[in-house]
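Participant: Input structure: model_18.tsv, which contains TSV, C-alpha atoms and all ligand atoms.
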chain	number	residue	atom	x	y	z
A	1	MET	CA	7.89	-41.14	5.60
A	2	GLY	CA	7.99	-40.78	1.82
A	3	GLN	CA	8.41	-37.57	-0.09
A	4	GLN	CA	5.46	-35.25	0.07
A	5	GLN	CA	4.36	-33.13	-2.87
A	6	VAL	CA	5.11	-29.92	-1.03
A	7	ILE	CA	7.38	-26.97	-1.69
A	8	ALA	CA	8.06	-25.74	1.85
A	9	ILE	CA	9.08	-22.12	2.27
A	10	ASP	CA	10.00	-21.09	5.80
A	11	GLY	CA	11.75	-18.07	7.20
A	12	PRO	CA	11.56	-15.18	9.65
A	13	ALA	CA	9.06	-12.30	9.66
A	14	ALA	CA	9.17	-9.92	6.68
A	15	SER	CA	11.75	-11.98	4.80
A	16	GLY	CA	9.58	-11.73	1.67
A	17	LYS	CA	8.22	-15.28	2.01
A	18	SER	CA	4.61	-14.44	1.22
A	19	THR	CA	5.40	-12.44	-1.91
A	20	ILE	CA	7.83	-15.06	-3.14
A	21	ALA	CA	5.65	-18.05	-2.27
A	22	GLY	CA	2.59	-16.51	-3.95
A	23	LEU	CA	4.43	-15.63	-7.15
A	24	LEU	CA	6.26	-18.94	-7.25
A	25	ALA	CA	2.98	-20.85	-6.92
A	26	ALA	CA	1.46	-18.74	-9.72
A	27	ARG	CA	4.47	-19.44	-11.93
A	28	LEU	CA	4.21	-23.19	-11.25
A	29	ARG	CA	0.38	-23.08	-11.45
A	30	VAL	CA	-0.04	-24.82	-8.13
A	31	PRO	CA	-2.02	-23.81	-5.01
A	32	TYR	CA	-0.38	-21.52	-2.46
A	33	VAL	CA	-1.07	-21.95	1.25
A	34	ASN	CA	0.02	-19.17	3.61
A	35	THR	CA	0.01	-20.66	7.10
A	36	GLY	CA	0.86	-17.33	8.79
A	37	ASN	CA	-2.61	-16.21	7.69
A	38	MET	CA	-4.11	-19.17	9.58
A	39	TYR	CA	-2.44	-18.03	12.82
A	40	ARG	CA	-3.57	-14.49	12.04
A	41	ALA	CA	-7.14	-15.70	11.44
A	42	ILE	CA	-7.22	-17.39	14.85
A	43	THR	CA	-5.83	-14.23	16.48
A	44	MET	CA	-8.38	-12.05	14.70
A	45	PHE	CA	-11.21	-14.37	15.70
A	46	ALA	CA	-10.12	-14.16	19.36
A	47	LEU	CA	-9.95	-10.35	19.25
A	48	ASP	CA	-13.34	-10.17	17.49
A	49	SER	CA	-14.76	-12.48	20.17
A	50	GLY	CA	-13.78	-9.90	22.78
A	51	ILE	CA	-10.79	-11.75	24.24
A	52	ASP	CA	-8.25	-9.40	25.82
A	53	LEU	CA	-5.14	-11.11	24.46
A	54	LYS	CA	-2.85	-8.86	26.48
A	55	ARG	CA	-4.12	-10.49	29.66
A	56	GLN	CA	-5.50	-13.80	28.49
A	57	CYS	CA	-3.45	-15.71	25.95
A	58	SER	CA	-3.57	-19.33	27.07
A	59	GLY	CA	-4.68	-22.76	25.94
A	60	LYS	CA	-7.59	-22.49	28.35
A	61	VAL	CA	-8.97	-19.50	26.49
A	62	PHE	CA	-8.41	-20.99	23.04
A	63	THR	CA	-9.81	-24.50	23.58
A	64	PRO	CA	-13.47	-23.38	23.65
A	65	LEU	CA	-12.86	-20.67	21.07
A	66	LEU	CA	-11.46	-23.06	18.45
A	67	LYS	CA	-14.61	-25.17	18.71
A	68	LYS	CA	-16.45	-22.22	17.16
A	69	LEU	CA	-13.95	-21.64	14.36
A	70	LYS	CA	-13.72	-23.22	10.92
A	71	LEU	CA	-10.79	-22.48	8.62
A	72	GLU	CA	-10.75	-23.87	5.10
A	73	TYR	CA	-9.06	-23.34	1.76
A	74	VAL	CA	-11.44	-23.15	-1.15
A	75	ARG	CA	-11.05	-22.42	-4.81
A	76	ASN	CA	-12.50	-19.02	-5.78
A	77	ALA	CA	-13.92	-17.85	-9.12
A	78	SER	CA	-10.44	-16.93	-10.41
A	79	GLY	CA	-9.20	-20.43	-9.69
A	80	GLU	CA	-7.05	-19.34	-6.72
A	81	TYR	CA	-7.29	-20.99	-3.34
A	82	GLU	CA	-8.38	-18.62	-0.62
A	83	LEU	CA	-8.76	-18.88	3.12
A	84	LEU	CA	-12.28	-18.74	4.50
A	85	VAL	CA	-12.88	-18.00	8.16
A	86	ASN	CA	-16.23	-19.43	9.21
A	87	GLY	CA	-17.23	-19.38	5.56
A	88	VAL	CA	-16.19	-15.83	4.67
A	89	PRO	CA	-12.96	-14.20	3.42
A	90	PRO	CA	-11.26	-12.45	6.37
A	91	GLY	CA	-10.58	-9.15	4.55
A	92	PRO	CA	-7.72	-6.69	5.13
A	93	LYS	CA	-7.95	-6.80	8.93
A	94	LEU	CA	-6.17	-10.15	8.78
A	95	ARG	CA	-2.87	-8.41	7.93
A	96	SER	CA	-3.45	-5.40	10.20
A	97	PRO	CA	-0.86	-4.33	12.82
A	98	GLU	CA	-3.47	-4.94	15.57
A	99	VAL	CA	-3.60	-8.63	14.68
A	100	ALA	CA	0.18	-8.80	14.09
A	101	ALA	CA	0.78	-7.44	17.60
A	102	PHE	CA	-0.71	-10.59	19.17
A	103	VAL	CA	-0.12	-13.33	16.63
A	104	SER	CA	3.28	-14.55	17.89
A	105	PRO	CA	2.10	-15.39	21.44
A	106	VAL	CA	-0.99	-17.08	19.94
A	107	ALA	CA	1.21	-19.11	17.56
A	108	ALA	CA	3.32	-20.22	20.53
A	109	LEU	CA	0.35	-22.07	22.11
A	110	PRO	CA	0.76	-25.86	21.58
A	111	GLY	CA	-3.02	-26.41	21.40
A	112	VAL	CA	-3.37	-23.84	18.62
A	113	ARG	CA	-0.54	-25.43	16.62
A	114	GLU	CA	-1.99	-28.91	17.07
A	115	TRP	CA	-5.42	-27.71	15.94
A	116	LEU	CA	-3.94	-26.27	12.74
A	117	LYS	CA	-1.85	-29.33	11.92
A	118	ASP	CA	-4.75	-31.33	10.45
A	119	ILE	CA	-5.92	-28.38	8.37
A	120	GLN	CA	-2.40	-27.89	7.02
A	121	HIS	CA	-1.92	-31.61	6.30
A	122	ASP	CA	-5.26	-31.68	4.53
A	123	ALA	CA	-3.98	-29.12	1.97
A	124	ALA	CA	-1.67	-31.80	0.57
A	125	ARG	CA	-4.72	-33.43	-1.02
A	126	LEU	CA	-4.54	-30.60	-3.60
A	127	GLY	CA	-1.46	-32.22	-5.20
A	128	LEU	CA	1.79	-30.25	-5.49
A	129	ILE	CA	1.47	-27.11	-3.34
A	130	VAL	CA	3.60	-24.24	-2.12
A	131	MET	CA	3.18	-23.93	1.65
A	132	GLU	CA	4.75	-21.09	3.54
A	133	GLY	CA	5.37	-20.56	7.27
A	134	ARG	CA	7.87	-21.18	10.06
A	135	ASP	CA	7.75	-24.94	10.62
A	136	ILE	CA	6.61	-26.41	7.32
A	137	GLY	CA	9.92	-28.12	6.52
A	138	THR	CA	10.63	-29.11	10.12
A	139	VAL	CA	7.29	-30.22	11.61
A	140	ILE	CA	4.32	-30.09	9.22
A	141	PHE	CA	5.89	-31.71	6.14
A	142	PRO	CA	9.33	-33.01	7.17
A	143	GLY	CA	9.23	-35.17	4.03
A	144	ALA	CA	8.57	-32.18	1.71
A	145	LYS	CA	10.09	-32.66	-1.71
A	146	PHE	CA	11.57	-29.13	-1.72
A	147	LYS	CA	12.55	-27.05	1.29
A	148	PHE	CA	13.72	-23.46	1.26
A	149	PHE	CA	14.48	-21.15	4.17
A	150	LEU	CA	14.36	-17.52	3.05
A	151	THR	CA	16.21	-14.89	5.04
A	152	ALA	CA	17.32	-11.28	4.66
A	153	SER	CA	19.23	-8.90	6.93
A	154	PRO	CA	17.18	-7.33	9.78
A	155	LEU	CA	17.44	-3.87	8.21
A	156	GLU	CA	16.29	-5.09	4.80
A	157	ARG	CA	13.38	-6.94	6.40
A	158	ALA	CA	12.31	-3.77	8.24
A	159	ARG	CA	12.45	-1.86	4.94
A	160	ARG	CA	10.32	-4.49	3.23
A	161	ARG	CA	7.72	-4.53	6.02
A	162	LEU	CA	7.49	-0.72	6.04
A	163	ALA	CA	6.89	-0.76	2.28
A	164	GLN	CA	3.85	-3.08	2.70
A	165	SER	CA	0.99	-0.62	3.15
A	166	GLY	CA	-1.48	-1.39	5.91
A	167	GLU	CA	0.84	-3.77	7.78
A	168	THR	CA	2.42	-1.22	10.15
A	169	PHE	CA	0.99	1.28	12.64
A	170	ASP	CA	0.68	4.94	11.51
A	171	GLY	CA	3.89	6.79	12.29
A	172	ALA	CA	5.98	3.61	12.20
A	173	THR	CA	9.68	4.20	11.52
A	174	LEU	CA	12.42	1.90	10.30
A	175	GLU	CA	13.60	1.61	13.92
A	176	SER	CA	10.14	0.80	15.38
A	177	VAL	CA	9.45	-1.76	12.64
A	178	ALA	CA	12.89	-3.35	13.14
A	179	ARG	CA	12.14	-3.60	16.88
A	180	ASP	CA	8.74	-5.26	16.27
A	181	ILE	CA	10.29	-7.73	13.82
A	182	ALA	CA	13.09	-8.58	16.27
A	183	GLU	CA	10.48	-9.24	18.96
A	184	ARG	CA	8.48	-11.51	16.61
A	185	ASP	CA	11.67	-13.43	15.73
A	186	ARG	CA	12.55	-13.76	19.41
A	187	ILE	CA	9.16	-15.30	20.28
A	188	ASP	CA	8.98	-17.44	17.12
A	189	SER	CA	12.52	-18.84	17.56
A	190	GLY	CA	12.37	-19.25	21.33
A	191	ARG	CA	9.08	-21.11	21.74
A	192	ALA	CA	9.10	-24.70	22.95
A	193	VAL	CA	6.92	-26.14	20.18
A	194	ALA	CA	7.94	-25.95	16.51
A	195	PRO	CA	10.34	-23.02	16.84
A	196	LEU	CA	11.43	-21.06	13.80
A	197	LYS	CA	14.58	-22.73	12.43
A	198	PRO	CA	15.73	-24.14	9.12
A	199	ALA	CA	15.22	-27.87	8.58
A	200	PRO	CA	18.58	-29.65	8.39
A	201	ASP	CA	17.93	-30.44	4.73
A	202	ALA	CA	16.51	-27.00	3.77
A	203	GLU	CA	18.36	-24.76	1.38
A	204	ILE	CA	18.98	-21.37	3.00
A	205	VAL	CA	18.52	-18.49	0.56
A	206	ASP	CA	19.71	-15.06	1.71
A	207	THR	CA	17.62	-12.62	-0.33
A	208	THR	CA	19.09	-9.37	1.07
A	209	GLU	CA	20.74	-8.44	-2.21
A	210	MET	CA	18.24	-10.14	-4.53
A	211	THR	CA	15.24	-8.75	-6.39
A	212	ILE	CA	11.91	-10.59	-6.22
A	213	ALA	CA	12.34	-11.78	-9.81
A	214	GLU	CA	15.82	-13.12	-9.01
A	215	VAL	CA	14.54	-15.10	-6.04
A	216	ILE	CA	11.62	-16.55	-8.05
A	217	ASN	CA	13.90	-17.51	-10.93
A	218	TYR	CA	16.37	-19.08	-8.56
A	219	LEU	CA	13.75	-21.17	-6.73
A	220	ALA	CA	11.94	-22.17	-9.93
A	221	GLY	CA	15.29	-23.30	-11.36
A	222	ARG	CA	16.07	-25.40	-8.29
A	223	ILE	CA	12.63	-26.97	-8.45
A	224	SER	CA	12.78	-27.81	-12.14
A	225	ASN	CA	16.22	-29.39	-11.63
A	226	GLY	CA	14.87	-31.42	-8.73
A	227	ARG	CA	11.87	-32.58	-10.70
A	228	SER	CA	13.80	-33.96	-13.63
B	301	LIG	O1	4.22	-15.24	8.23
B	301	LIG	P1	3.40	-14.31	9.13
B	301	LIG	O2	4.17	-13.08	9.51
B	301	LIG	O3	2.07	-13.98	8.56
B	301	LIG	O4	3.17	-15.16	10.46
B	301	LIG	C1	2.39	-14.67	11.52
B	301	LIG	C2	2.81	-15.31	12.84
B	301	LIG	O5	2.45	-16.68	12.87
B	301	LIG	C3	4.30	-15.24	13.19
B	301	LIG	O6	4.45	-14.73	14.50
B	301	LIG	C4	4.78	-16.65	13.19
B	301	LIG	C5	3.55	-17.48	13.26
B	301	LIG	N1	3.64	-18.64	12.38
B	301	LIG	C6	4.01	-19.82	12.95
B	301	LIG	O7	4.32	-19.87	14.13
B	301	LIG	N2	4.05	-20.95	12.18
B	301	LIG	C7	3.72	-20.89	10.89
B	301	LIG	N3	3.76	-22.02	10.17
B	301	LIG	C8	3.36	-19.66	10.28
B	301	LIG	C9	3.32	-18.54	11.07
For this file, write the structure as structure tokens.
Ligand code: DC

Facilitator:
Amino acid sequence: MGQQQVIAIDGPAASGKSTIAGLLAARLRVPYVNTGNMYRAITMFALDSGIDLKRQCSGKVFTPLLKKLKLEYVRNASGEYELLVNGVPPGPKLRSPEVAAFVSPVAALPGVREWLKDIQHDAARLGLIVMEGRDIGTVIFPGAKFKFFLTASPLERARRRLAQSGETFDGATLESVARDIAERDRIDSGRAVAPLKPAPDAEIVDTTEMTIAEVINYLAGRISNGRS
């Protein structure tokens, strides 16, 4: 497979991927695709459809559900690409702790991952893109031109998640957030299909001691070197 015009950014929960990927894409003036939001959109759709995901989280439940769901990336008035769920923006609920509580088991379902593959591949028609997730460099675009795996220490990741308003339950503490993140990592890394892991040819960037601007500058520098 030849090189694909994709900047793949993978990494564990709350490693700062979304912030970095969004800002990097803006700096490079290319579309940004957040695949975690696609898994969240499917989870939200299931909850809104009345599925009790605590008891029923299986391929059998999702096969008929996905037939009623359309996810697409469209260009909005400000020129940014945004996710539409059955034609409408999903709103803040997408990043709510209620959705986050169920998204890892949903993302572990092979049928759900397979369903999203075509939608994610289709984004490559936009030209050079930044795509962020867990398996972009390993499974979705193994031929991506640039691959980064962003990490940070568990404590730093818990601090970052706690600082993101609206993404944690009321009363959350550093300890409870660290526990939730560890559980997400455990499910994401342990699943049979497309587990969270760096691609062999990905560059691992430990951002624990780095500011956002430092990470962006570093990645942009690596990309401009690789382009020349
Ligand atoms: O990046 P995020 O926290 O929004 O991801 C939400 C969940 O979706 C997380 O449990 C991992 C999963 N995910 C995945 O399995 N594969 C991706 N490409 C992106 C996210």

Participant: Any residue with an atom at most 8 Å from ligand LIG 301 (chain B) counts, using only C-alpha atoms and all ligand atoms. Which are they? Put them as a VMD selection string.

Facilitator: chain A and resid 10 12 to 14 17 to 18 34 to 40 95 100 103 to 108 113 132 to 136 184 to 185 187 to 188 194 to 196

Participant: Using all atoms listed in the file, which residues sit within 12 Å of Pro92 (chain A) once same-chain residues fewer than 3 positions away are excluded, as JSON, numbers by chain?

Facilitator: {"A": [37, 40, 41, 44, 89, 95, 96, 97, 98, 99, 165, 166, 167]}

Participant: One number please: CA of Leu83 (chain A) to CA of Lys68 (chain A), in Å, one decimal.

Facilitator: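 Between CA of Leu83 (chain A) and CA of Lys68 (chain A) the gap works out to 16.4 Å.
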
Participant: What does the structure give for the distance between CA of Ile129 (chain A) and CA of Gly16 (chain A), in Å to one decimal?

Facilitator: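 If I compute the distance from CA of Ile129 (chain A) to CA of Gly16 (chain A), I get 18.1 Å.
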
Participant: So which one's closest to Met131 (chain A), A:Phe169, A:Phe102, A:Phe62, A:Tyr81? Using all atoms listed in the file, please.

Facilitator: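 Checking each of A:Phe169, A:Phe102, A:Phe62, A:Tyr81 against Met131 (chain A), counting all atoms listed in the file, the winner is A:Tyr81.
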
Participant: Pick out the closest residue to Leu126 (chain A) from this set: A:Val74, A:Ala182, A:Val85, A:Leu150. Count all atoms listed in the file.

Facilitator: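 Between A:Val74, A:Ala182, A:Val85, A:Leu150, the residue approaching Leu126 (chain A) most closely is A:Val74.
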
Participant: Within 10 Å of Thr138 (chain A), counting only C-alpha atoms, which residues show up once you throw out same-chain ones fewer than 5 positions away? Write them as JSON, numbers by chain, please.

Facilitator: {"A": [8, 10, 143, 144, 147, 194, 195, 196, 197, 198, 199, 200, 201, 202]}

Participant: Separation of CA of Glu72 (chain A) and CA of Leu84 (chain A), in Å?

Facilitator: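 Atom-to-atom, CA of Glu72 (chain A) to CA of Leu84 (chain A), that is 5.4 Å.
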
Participant: Can you tell me, as a list in words, what residues are no more than 12 Å from Glu214 (chain A) when counting all atoms listed in the file, ignoring any on the same chain fewer than 5 positions away?

Facilitator: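 Listed by chain and then number, they are Ile20, Leu23, Leu24, Val205, Asp206, Thr207, Thr208, Glu209, Leu219, Ala220 and Gly221 of chain A.
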